[in-house]
Amino acid sequence: MGSHPPIPTRVVLLAGPSGSGKSSFAARCGLPVLCLDDFYKEGDDPTLPQVPGSSDIDWDSVDSWDADVAVAAIEELCRTGRTKVPVYDIATSARVGQEALDVERTPLFIAEGIFAADIVRRCEELGVLADAICLRGRPTTTFRRRLLRDLREGRKSVPFLLRRGWRLMRAERTIVARQTELGAYPCAKEEALGRVAAAAAGRHVRARAKA
């Protein structure tokens with residue numbers, strides 16, 4: 001029987017509700033980071049979903065995101081150490097460029113975003129997954145952190161951000177439960193740091209949360 005060539009680099013998928021602190025956590029780890037938000041569809045894409053009963057685009061639906069391109073970028077990074085990724089401007093809902101991402105010879109990198117759990121199975125099948133984590137915390141804390149960030153960065157209009165923030169706060173426990181079901185391990189940041197350290201040391205920690 002033939003065998004696949006060894007994969008020099010693996011990925012930790014970092015999921016969690018919007019505002020759960022994924023970007024700051026990823027930066028704290030000191031590993032190369034692939035921002036999965038850069039794989040959003042553009043605002044004029046006719047396949048973008050809408051929030052039921054509203055004219056708002058549902059940017060929290062996985063259908064607003066290009067999973068195929070994201071997975072292809074992850075696989076290329078794992079096999080070659082480099083890839084090209086889009087540069088996405090959330091305020092204008094548009095891709096404004098492209099840049100090279102090089103993880104060099106690093107054996108581990110983090111891919112973070114609210115849809116990271118949706119590609120756990122695909123990354124497992126490709127043999128590139130080191131771990132999948134879902135950051136969780138208090139919904140009220142997440143709401144405040146998300147709103148302050150989005151206002152500071154001018155991501156969308158204030159009414160849109162308030163509507164989205166309220167909707168996500170009420171749905172946060174359901175969001176975490178869904179990401180857990182998809183294969184991401186739910187935990188707070190300190191436990192997550194331990195899991196990333198274990199993955200960096202080559203220790204297998206893909207145990208699921210207890211029911």
# chains A, B, ... in the order shown; residues from 1 in each chain; ligands from 1

$ closest_atom_pairs --of "range 62-123 of chain A" --to "range 193-198 of chain A" --cutoff "12 Å" --atoms "only C-alpha atoms" --output "JSON lines"
{"residue": "A:Leu108", "atom": "CA", "partner": "A:Val196", "partner_atom": "CA", "distance": 9.1}
{"residue": "A:Phe109", "atom": "CA", "partner": "A:Val196", "partner_atom": "CA", "distance": 9.6}
{"residue": "A:Ile110", "atom": "CA", "partner": "A:Val196", "partner_atom": "CA", "distance": 9.0}

$ closest_atom_pairs --of "range 12-41 of chain A" --to "range 174-189 of chain A" --cutoff "8 Å" --atoms "only C-alpha atoms" --output "Markdown table"
| residue | atom | partner | partner_atom | distance |
| --- | --- | --- | --- | --- |
| A:Leu13 | CA | A:Ala184 | CA | 8.0 |
| A:Ala15 | CA | A:Ala184 | CA | 7.1 |
| A:Gly16 | CA | A:Val176 | CA | 6.6 |
| A:Pro17 | CA | A:Ile175 | CA | 6.6 |
| A:Phe25 | CA | A:Lys189 | CA | 7.3 |

$ write_last_selection --atoms "N, CA and C atoms" --output "CSV table (one decimal), in the first residue's frame"
chain,number,residue,atom,x,y,z
A,13,LEU,N,-7.1,24.7,14.7
A,13,LEU,CA,-8.3,25.5,14.4
A,13,LEU,C,-8.8,26.1,15.7
A,15,ALA,N,-11.8,28.3,17.1
A,15,ALA,CA,-13.2,28.7,16.9
A,15,ALA,C,-13.7,29.5,18.1
A,16,GLY,N,-15.0,29.8,18.1
A,16,GLY,CA,-15.5,30.5,19.3
A,16,GLY,C,-16.5,31.6,18.7
A,17,PRO,N,-17.4,32.1,19.6
A,17,PRO,CA,-18.3,33.1,19.1
A,17,PRO,C,-17.6,34.4,18.8
A,25,PHE,N,-6.0,35.9,21.6
A,25,PHE,CA,-5.4,34.6,22.1
A,25,PHE,C,-4.4,34.1,21.1

$ residues_around --residues "range 43-45 of chain A" --least-positions-apart "3" --cutoff "8 Å" --atoms "only C-alpha atoms" --output "number ranges by chain"
A: 48, 92-94

$ write_last_selection --atoms "C-alpha atoms" --output "CSV table (one decimal), in the first residue's frame"
chain,number,residue,atom,x,y,z
A,48,LEU,CA,-25.0,35.7,0.6
A,92,THR,CA,-16.7,47.5,2.9
A,93,SER,CA,-17.4,43.8,2.7
A,94,ALA,CA,-14.8,43.5,0.0

$ atom_distance --atom1 "CA of Lys22 in chain A" --atom2 "CA of Arg149 in chain A"
12.5 Å

$ residues_around --residues "Gly81 in chain A" --least-positions-apart "3" --cutoff "12 Å" --atoms "only C-alpha atoms" --output "number ranges by chain"
A: 7-11, 32, 34, 73-78, 84, 100-109

$ residues_around --residues "Ile90 in chain A" --least-positions-apart "4" --cutoff "9 Å" --atoms "only C-alpha atoms" --output "number ranges by chain"
A: 37-38, 40, 94-95, 154-156

$ select_by_dssp --residues "chain A" --states "strand (DSSP E)" --output "PyMOL selection string"
chain A and resi 10-15+33-35+82-89+94-102+108-112+129-135+185-187

$ write_last_selection --atoms "N, CA and C atoms" --output "CSV table (one decimal), in the first residue's frame"
chain,number,residue,atom,x,y,z
A,10,ARG,N,1.2,21.4,10.9
A,10,ARG,CA,-0.2,21.1,11.2
A,10,ARG,C,-0.8,22.4,11.7
A,11,VAL,N,-2.2,22.3,11.8
A,11,VAL,CA,-2.9,23.5,12.1
A,11,VAL,C,-3.7,23.3,13.4
A,12,VAL,N,-3.8,24.3,14.2
A,12,VAL,CA,-4.8,24.3,15.3
A,12,VAL,C,-5.9,25.2,14.9
A,13,LEU,N,-7.1,24.7,14.7
A,13,LEU,CA,-8.3,25.5,14.4
A,13,LEU,C,-8.8,26.1,15.7
A,14,LEU,N,-9.0,27.5,15.7
A,14,LEU,CA,-9.4,28.2,16.8
A,14,LEU,C,-10.8,28.8,16.5
A,15,ALA,N,-11.8,28.3,17.1
A,15,ALA,CA,-13.2,28.7,16.9
A,15,ALA,C,-13.7,29.5,18.1
A,33,VAL,N,-0.3,32.9,12.3
A,33,VAL,CA,-1.8,33.0,12.4
A,33,VAL,C,-2.4,33.2,11.0
A,34,LEU,N,-3.3,32.3,10.6
A,34,LEU,CA,-4.1,32.5,9.4
A,34,LEU,C,-5.5,33.1,9.9
A,35,CYS,N,-5.9,34.3,9.4
A,35,CYS,CA,-7.1,34.8,9.8
A,35,CYS,C,-8.2,34.3,8.8
A,82,ARG,N,3.8,27.9,2.8
A,82,ARG,CA,3.4,29.2,2.3
A,82,ARG,C,2.1,29.2,1.4
A,83,THR,N,1.4,30.3,1.4
A,83,THR,CA,0.3,30.4,0.5
A,83,THR,C,0.0,31.9,0.3
A,84,LYS,N,-1.0,32.2,-0.6
A,84,LYS,CA,-1.5,33.5,-0.8
A,84,LYS,C,-2.9,33.6,-0.2
A,85,VAL,N,-3.2,34.7,0.5
A,85,VAL,CA,-4.5,34.8,1.1
A,85,VAL,C,-5.1,36.2,0.8
A,86,PRO,N,-6.4,36.2,0.7
A,86,PRO,CA,-7.0,37.5,0.4
A,86,PRO,C,-6.9,38.5,1.6
A,87,VAL,N,-6.9,39.7,1.3
A,87,VAL,CA,-7.0,40.8,2.3
A,87,VAL,C,-8.4,41.3,2.3
A,88,TYR,N,-9.2,41.1,3.4
A,88,TYR,CA,-10.6,41.4,3.4
A,88,TYR,C,-10.9,42.6,4.3
A,89,ASP,N,-11.6,43.6,3.7
A,89,ASP,CA,-12.0,44.8,4.5
A,89,ASP,C,-13.5,44.6,5.0
A,94,ALA,N,-15.5,43.7,1.3
A,94,ALA,CA,-14.8,43.5,0.0
A,94,ALA,C,-13.4,43.0,0.2
A,95,ARG,N,-12.9,42.2,-0.8
A,95,ARG,CA,-11.5,41.8,-0.8
A,95,ARG,C,-10.7,43.0,-1.5
A,96,VAL,N,-9.7,43.5,-0.8
A,96,VAL,CA,-9.0,44.7,-1.2
A,96,VAL,C,-7.6,44.4,-1.7
A,97,GLY,N,-7.2,43.1,-1.7
A,97,GLY,CA,-5.9,42.8,-2.1
A,97,GLY,C,-5.6,41.3,-1.8
A,98,GLN,N,-4.3,41.0,-1.9
A,98,GLN,CA,-3.8,39.7,-1.6
A,98,GLN,C,-2.4,39.8,-1.0
A,99,GLU,N,-2.1,38.9,-0.1
A,99,GLU,CA,-0.8,38.9,0.5
A,99,GLU,C,-0.3,37.5,0.7
A,100,ALA,N,1.0,37.4,0.7
A,100,ALA,CA,1.7,36.1,1.0
A,100,ALA,C,1.7,35.8,2.5
A,101,LEU,N,1.5,34.6,2.9
A,101,LEU,CA,1.6,34.1,4.2
A,101,LEU,C,2.7,33.0,4.2
A,102,ASP,N,3.7,33.2,5.0
A,102,ASP,CA,4.8,32.2,5.1
A,102,ASP,C,5.0,31.8,6.5
A,108,LEU,N,3.7,24.2,13.5
A,108,LEU,CA,2.3,24.5,14.0
A,108,LEU,C,1.9,25.9,13.7
A,109,PHE,N,0.7,26.1,13.2
A,109,PHE,CA,0.2,27.5,13.1
A,109,PHE,C,-1.3,27.4,13.5
A,110,ILE,N,-1.9,28.6,13.8
A,110,ILE,CA,-3.3,28.7,14.2
A,110,ILE,C,-4.1,29.3,13.1
A,111,ALA,N,-5.2,28.7,12.8
A,111,ALA,CA,-6.2,29.3,11.9
A,111,ALA,C,-7.4,29.7,12.7
A,112,GLU,N,-7.7,31.0,12.8
A,112,GLU,CA,-8.8,31.4,13.8
A,112,GLU,C,-9.9,32.1,13.0
A,129,LEU,N,-4.7,18.3,10.8
A,129,LEU,CA,-5.3,18.9,12.1
A,129,LEU,C,-4.5,18.4,13.3
A,130,ALA,N,-4.0,19.4,14.1
A,130,ALA,CA,-3.4,19.1,15.3
A,130,ALA,C,-4.4,19.2,16.5
A,131,ASP,N,-5.3,20.2,16.5
A,131,ASP,CA,-6.3,20.3,17.5
A,131,ASP,C,-7.3,21.3,17.0
A,132,ALA,N,-8.5,21.3,17.6
A,132,ALA,CA,-9.6,22.2,17.3
A,132,ALA,C,-10.2,22.7,18.6
A,133,ILE,N,-10.2,24.0,18.8
A,133,ILE,CA,-10.6,24.6,20.1
A,133,ILE,C,-11.7,25.6,19.9
A,134,CYS,N,-12.6,25.6,20.8
A,134,CYS,CA,-13.7,26.7,20.8
A,134,CYS,C,-13.5,27.5,22.1
A,135,LEU,N,-13.1,28.7,22.0
A,135,LEU,CA,-13.0,29.6,23.2
A,135,LEU,C,-14.4,30.0,23.6
A,185,TYR,N,-13.1,21.6,20.8
A,185,TYR,CA,-13.1,21.4,22.2
A,185,TYR,C,-13.4,22.7,22.9
A,186,PRO,N,-14.5,22.9,23.7
A,186,PRO,CA,-14.9,24.1,24.3
A,186,PRO,C,-14.1,24.3,25.6
A,187,CYS,N,-13.5,25.5,25.8
A,187,CYS,CA,-12.7,25.7,27.0
A,187,CYS,C,-12.4,27.2,27.1

$ residues_around --residues "Ile57 in chain A" --least-positions-apart "3" --cutoff "12 Å" --atoms "only C-alpha atoms" --output "list in words"
Lys41, Glu42, Gly43, Asp44, Asp45, Pro46, Thr47, Leu48, Pro49, Gln50, Val51, Pro52, Gly53, Ser54, Asp60, Ser61, Val62, Asp63, Ser64, Trp65, Ser93, Lys156, Phe160, Leu161, Arg163 and Arg164 of chain A

$ write_last_selection --atoms "N, CA, C and O atoms" --output "compact mmCIF listing (two decimals), in the first residue's frame"
# COMPACT_ATOMS: atom_id res chain seq x y z
N LYS A 41 -17.14 35.97 1.79
CA LYS A 41 -17.58 36.36 0.45
C LYS A 41 -17.71 37.88 0.39
O LYS A 41 -17.89 38.55 1.41
N GLU A 42 -17.67 38.43 -0.82
CA GLU A 42 -17.81 39.88 -0.98
C GLU A 42 -19.28 40.29 -0.93
O GLU A 42 -20.18 39.49 -1.20
N GLY A 43 -19.49 41.56 -0.59
CA GLY A 43 -20.84 42.05 -0.33
C GLY A 43 -21.79 41.98 -1.50
O GLY A 43 -23.01 42.03 -1.30
N ASP A 44 -21.28 41.87 -2.73
CA ASP A 44 -22.16 41.79 -3.90
C ASP A 44 -22.38 40.35 -4.36
O ASP A 44 -22.97 40.12 -5.41
N ASP A 45 -21.94 39.38 -3.56
CA ASP A 45 -22.11 37.97 -3.93
C ASP A 45 -23.59 37.60 -3.78
O ASP A 45 -24.18 37.75 -2.69
N PRO A 46 -24.23 37.11 -4.85
CA PRO A 46 -25.67 36.81 -4.79
C PRO A 46 -26.01 35.64 -3.87
O PRO A 46 -27.18 35.43 -3.54
N THR A 47 -25.01 34.87 -3.44
CA THR A 47 -25.29 33.72 -2.57
C THR A 47 -25.27 34.08 -1.09
O THR A 47 -25.50 33.21 -0.24
N LEU A 48 -25.02 35.35 -0.76
CA LEU A 48 -24.97 35.74 0.65
C LEU A 48 -26.33 35.54 1.31
O LEU A 48 -27.37 35.94 0.76
N PRO A 49 -26.36 34.95 2.51
CA PRO A 49 -27.64 34.73 3.21
C PRO A 49 -28.10 35.98 3.95
O PRO A 49 -27.28 36.86 4.26
N GLN A 50 -29.38 36.06 4.23
CA GLN A 50 -29.93 37.18 5.00
C GLN A 50 -30.45 36.67 6.34
O GLN A 50 -30.85 35.51 6.49
N VAL A 51 -30.44 37.57 7.33
CA VAL A 51 -31.04 37.26 8.63
C VAL A 51 -32.54 37.11 8.41
O VAL A 51 -33.17 37.98 7.80
N PRO A 52 -33.14 36.02 8.86
CA PRO A 52 -34.59 35.83 8.67
C PRO A 52 -35.39 37.01 9.21
O PRO A 52 -35.14 37.50 10.31
N GLY A 53 -36.33 37.48 8.38
CA GLY A 53 -37.17 38.60 8.77
C GLY A 53 -36.48 39.95 8.73
O GLY A 53 -36.98 40.92 9.31
N SER A 54 -35.33 40.03 8.05
CA SER A 54 -34.56 41.27 8.01
C SER A 54 -33.90 41.42 6.66
O SER A 54 -33.75 40.45 5.91
N ASP A 60 -22.94 35.89 10.12
CA ASP A 60 -22.66 34.83 11.09
C ASP A 60 -23.08 33.46 10.57
O ASP A 60 -22.95 32.46 11.28
N SER A 61 -23.58 33.42 9.36
CA SER A 61 -23.91 32.16 8.70
C SER A 61 -22.70 31.67 7.93
O SER A 61 -22.01 32.44 7.25
N VAL A 62 -22.42 30.37 8.03
CA VAL A 62 -21.28 29.82 7.30
C VAL A 62 -21.45 29.99 5.80
O VAL A 62 -20.45 29.96 5.04
N ASP A 63 -22.66 30.23 5.33
CA ASP A 63 -22.89 30.45 3.91
C ASP A 63 -22.36 31.80 3.43
O ASP A 63 -22.34 32.07 2.23
N SER A 64 -21.94 32.65 4.36
CA SER A 64 -21.34 33.93 3.98
C SER A 64 -19.82 33.82 3.81
O SER A 64 -19.14 34.82 3.56
N TRP A 65 -19.33 32.61 3.87
CA TRP A 65 -17.88 32.36 3.95
C TRP A 65 -17.47 31.31 2.93
O TRP A 65 -18.22 30.38 2.65
N SER A 93 -17.02 45.13 3.14
CA SER A 93 -17.40 43.77 2.70
C SER A 93 -16.77 43.44 1.35
O SER A 93 -17.44 42.97 0.43
N LYS A 156 -19.22 48.05 10.85
CA LYS A 156 -20.51 48.24 10.20
C LYS A 156 -21.20 49.44 10.89
O LYS A 156 -20.65 50.03 11.81
N PHE A 160 -26.68 48.35 12.94
CA PHE A 160 -26.42 46.96 12.55
C PHE A 160 -25.66 46.24 13.65
O PHE A 160 -25.98 45.10 14.00
N LEU A 161 -24.64 46.89 14.21
CA LEU A 161 -23.83 46.25 15.23
C LEU A 161 -24.63 45.94 16.49
O LEU A 161 -24.44 44.90 17.13
N ARG A 163 -27.96 45.42 16.60
CA ARG A 163 -28.88 44.32 16.29
C ARG A 163 -28.14 42.99 16.30
O ARG A 163 -28.59 42.00 16.87
N ARG A 164 -26.98 42.97 15.65
CA ARG A 164 -26.19 41.73 15.58
C ARG A 164 -25.71 41.32 16.98
O ARG A 164 -25.79 40.14 17.35

$ atom_distance --atom1 "CA of Trp59 in chain A" --atom2 "CA of Ser23 in chain A"
17.7 Å

$ decode --residues "range 144-159 of chain A" --atoms "all heavy atoms" --output "CSV table (one decimal), in the first residue's frame"
chain,number,residue,atom,x,y,z
A,144,ARG,N,-19.9,42.7,25.2
A,144,ARG,CA,-19.2,44.0,25.4
A,144,ARG,C,-17.9,44.1,24.6
A,144,ARG,O,-17.6,45.1,23.9
A,144,ARG,CB,-18.9,44.2,26.9
A,144,ARG,CG,-18.3,45.5,27.3
A,144,ARG,CD,-18.2,45.7,28.7
A,144,ARG,NE,-17.3,44.7,29.4
A,144,ARG,CZ,-17.8,43.7,30.1
A,144,ARG,NH1,-19.1,43.5,30.3
A,144,ARG,NH2,-16.9,42.8,30.7
A,145,ARG,N,-17.1,43.0,24.6
A,145,ARG,CA,-15.9,43.0,23.9
A,145,ARG,C,-16.1,43.1,22.4
A,145,ARG,O,-15.4,43.9,21.7
A,145,ARG,CB,-15.1,41.7,24.2
A,145,ARG,CG,-13.7,41.6,23.6
A,145,ARG,CD,-13.1,40.3,23.7
A,145,ARG,NE,-12.8,39.9,25.1
A,145,ARG,CZ,-13.3,38.9,25.7
A,145,ARG,NH1,-14.2,38.1,25.1
A,145,ARG,NH2,-13.0,38.7,27.0
A,146,ARG,N,-17.1,42.4,21.9
A,146,ARG,CA,-17.4,42.5,20.4
A,146,ARG,C,-17.8,43.9,20.0
A,146,ARG,O,-17.4,44.4,19.0
A,146,ARG,CB,-18.5,41.4,20.1
A,146,ARG,CG,-18.9,41.4,18.7
A,146,ARG,CD,-19.9,40.3,18.4
A,146,ARG,NE,-21.0,40.3,19.4
A,146,ARG,CZ,-21.3,39.3,20.2
A,146,ARG,NH1,-20.6,38.3,20.3
A,146,ARG,NH2,-22.4,39.5,21.0
A,147,LEU,N,-18.7,44.5,20.8
A,147,LEU,CA,-19.3,45.8,20.4
A,147,LEU,C,-18.2,46.8,20.4
A,147,LEU,O,-18.1,47.6,19.5
A,147,LEU,CB,-20.4,46.1,21.3
A,147,LEU,CG,-21.1,47.5,21.0
A,147,LEU,CD1,-21.8,47.4,19.6
A,147,LEU,CD2,-22.2,47.8,22.1
A,148,LEU,N,-17.4,46.8,21.5
A,148,LEU,CA,-16.3,47.8,21.6
A,148,LEU,C,-15.3,47.7,20.4
A,148,LEU,O,-14.9,48.7,19.8
A,148,LEU,CB,-15.6,47.7,22.9
A,148,LEU,CG,-16.4,48.1,24.1
A,148,LEU,CD1,-15.6,47.8,25.4
A,148,LEU,CD2,-16.7,49.6,24.1
A,149,ARG,N,-15.0,46.5,20.1
A,149,ARG,CA,-14.1,46.2,19.0
A,149,ARG,C,-14.7,46.7,17.7
A,149,ARG,O,-14.0,47.4,16.9
A,149,ARG,CB,-13.8,44.7,18.9
A,149,ARG,CG,-12.9,44.3,17.7
A,149,ARG,CD,-13.1,42.8,17.3
A,149,ARG,NE,-14.4,42.6,16.9
A,149,ARG,CZ,-14.9,41.3,16.7
A,149,ARG,NH1,-14.2,40.3,17.1
A,149,ARG,NH2,-16.2,41.2,16.3
A,150,ASP,N,-15.9,46.3,17.4
A,150,ASP,CA,-16.5,46.6,16.1
A,150,ASP,C,-16.8,48.1,16.0
A,150,ASP,O,-16.6,48.7,14.9
A,150,ASP,CB,-17.9,45.9,16.0
A,150,ASP,CG,-17.7,44.4,15.8
A,150,ASP,OD1,-16.5,44.0,15.6
A,150,ASP,OD2,-18.7,43.6,15.9
A,151,LEU,N,-17.1,48.8,17.1
A,151,LEU,CA,-17.2,50.3,17.0
A,151,LEU,C,-15.9,50.9,16.8
A,151,LEU,O,-15.8,51.9,16.0
A,151,LEU,CB,-17.9,50.8,18.3
A,151,LEU,CG,-19.3,50.5,18.6
A,151,LEU,CD1,-19.7,50.9,20.0
A,151,LEU,CD2,-20.2,51.2,17.5
A,152,ARG,N,-14.9,50.4,17.5
A,152,ARG,CA,-13.5,51.0,17.3
A,152,ARG,C,-13.0,50.9,15.9
A,152,ARG,O,-12.4,51.8,15.3
A,152,ARG,CB,-12.6,50.3,18.3
A,152,ARG,CG,-11.1,50.9,18.2
A,152,ARG,CD,-10.3,50.2,19.3
A,152,ARG,NE,-10.1,48.8,19.0
A,152,ARG,CZ,-10.6,47.8,19.8
A,152,ARG,NH1,-11.4,48.1,20.8
A,152,ARG,NH2,-10.4,46.5,19.5
A,153,GLU,N,-13.3,49.7,15.3
A,153,GLU,CA,-12.8,49.5,13.9
A,153,GLU,C,-13.8,49.9,12.8
A,153,GLU,O,-13.4,49.8,11.7
A,153,GLU,CB,-12.5,48.0,13.8
A,153,GLU,CG,-11.4,47.5,14.7
A,153,GLU,CD,-11.2,46.0,14.6
A,153,GLU,OE1,-11.8,45.3,13.7
A,153,GLU,OE2,-10.3,45.5,15.4
A,154,GLY,N,-14.9,50.4,13.2
A,154,GLY,CA,-15.9,50.9,12.2
A,154,GLY,C,-16.4,49.8,11.3
A,154,GLY,O,-16.5,50.1,10.1
A,155,ARG,N,-16.6,48.6,11.8
A,155,ARG,CA,-16.9,47.5,10.9
A,155,ARG,C,-18.2,47.6,10.2
A,155,ARG,O,-18.2,47.2,9.0
A,155,ARG,CB,-16.8,46.2,11.8
A,155,ARG,CG,-15.5,45.8,12.3
A,155,ARG,CD,-15.4,44.4,12.8
A,155,ARG,NE,-14.0,44.0,13.1
A,155,ARG,CZ,-13.7,42.7,13.3
A,155,ARG,NH1,-14.6,41.8,13.3
A,155,ARG,NH2,-12.4,42.4,13.5
A,156,LYS,N,-19.2,48.0,10.8
A,156,LYS,CA,-20.5,48.2,10.2
A,156,LYS,C,-21.2,49.4,10.9
A,156,LYS,O,-20.7,50.0,11.8
A,156,LYS,CB,-21.4,47.0,10.3
A,156,LYS,CG,-20.8,45.7,9.7
A,156,LYS,CD,-20.7,45.8,8.2
A,156,LYS,CE,-20.1,44.5,7.7
A,156,LYS,NZ,-19.8,44.6,6.2
A,157,SER,N,-22.4,49.8,10.4
A,157,SER,CA,-23.1,50.9,11.1
A,157,SER,C,-23.5,50.5,12.5
A,157,SER,O,-23.6,49.3,12.9
A,157,SER,CB,-24.4,51.2,10.3
A,157,SER,OG,-25.4,50.1,10.4
A,158,VAL,N,-23.7,51.5,13.4
A,158,VAL,CA,-24.0,51.3,14.8
A,158,VAL,C,-25.3,50.5,14.9
A,158,VAL,O,-25.4,49.5,15.7
A,158,VAL,CB,-24.1,52.6,15.5
A,158,VAL,CG1,-24.6,52.4,17.0
A,158,VAL,CG2,-22.7,53.3,15.6
A,159,PRO,N,-26.4,50.9,14.2
A,159,PRO,CA,-27.6,50.1,14.4
A,159,PRO,C,-27.4,48.6,14.0
A,159,PRO,O,-28.0,47.7,14.7
A,159,PRO,CB,-28.6,50.8,13.4
A,159,PRO,CG,-28.1,52.2,13.3
A,159,PRO,CD,-26.6,52.1,13.4
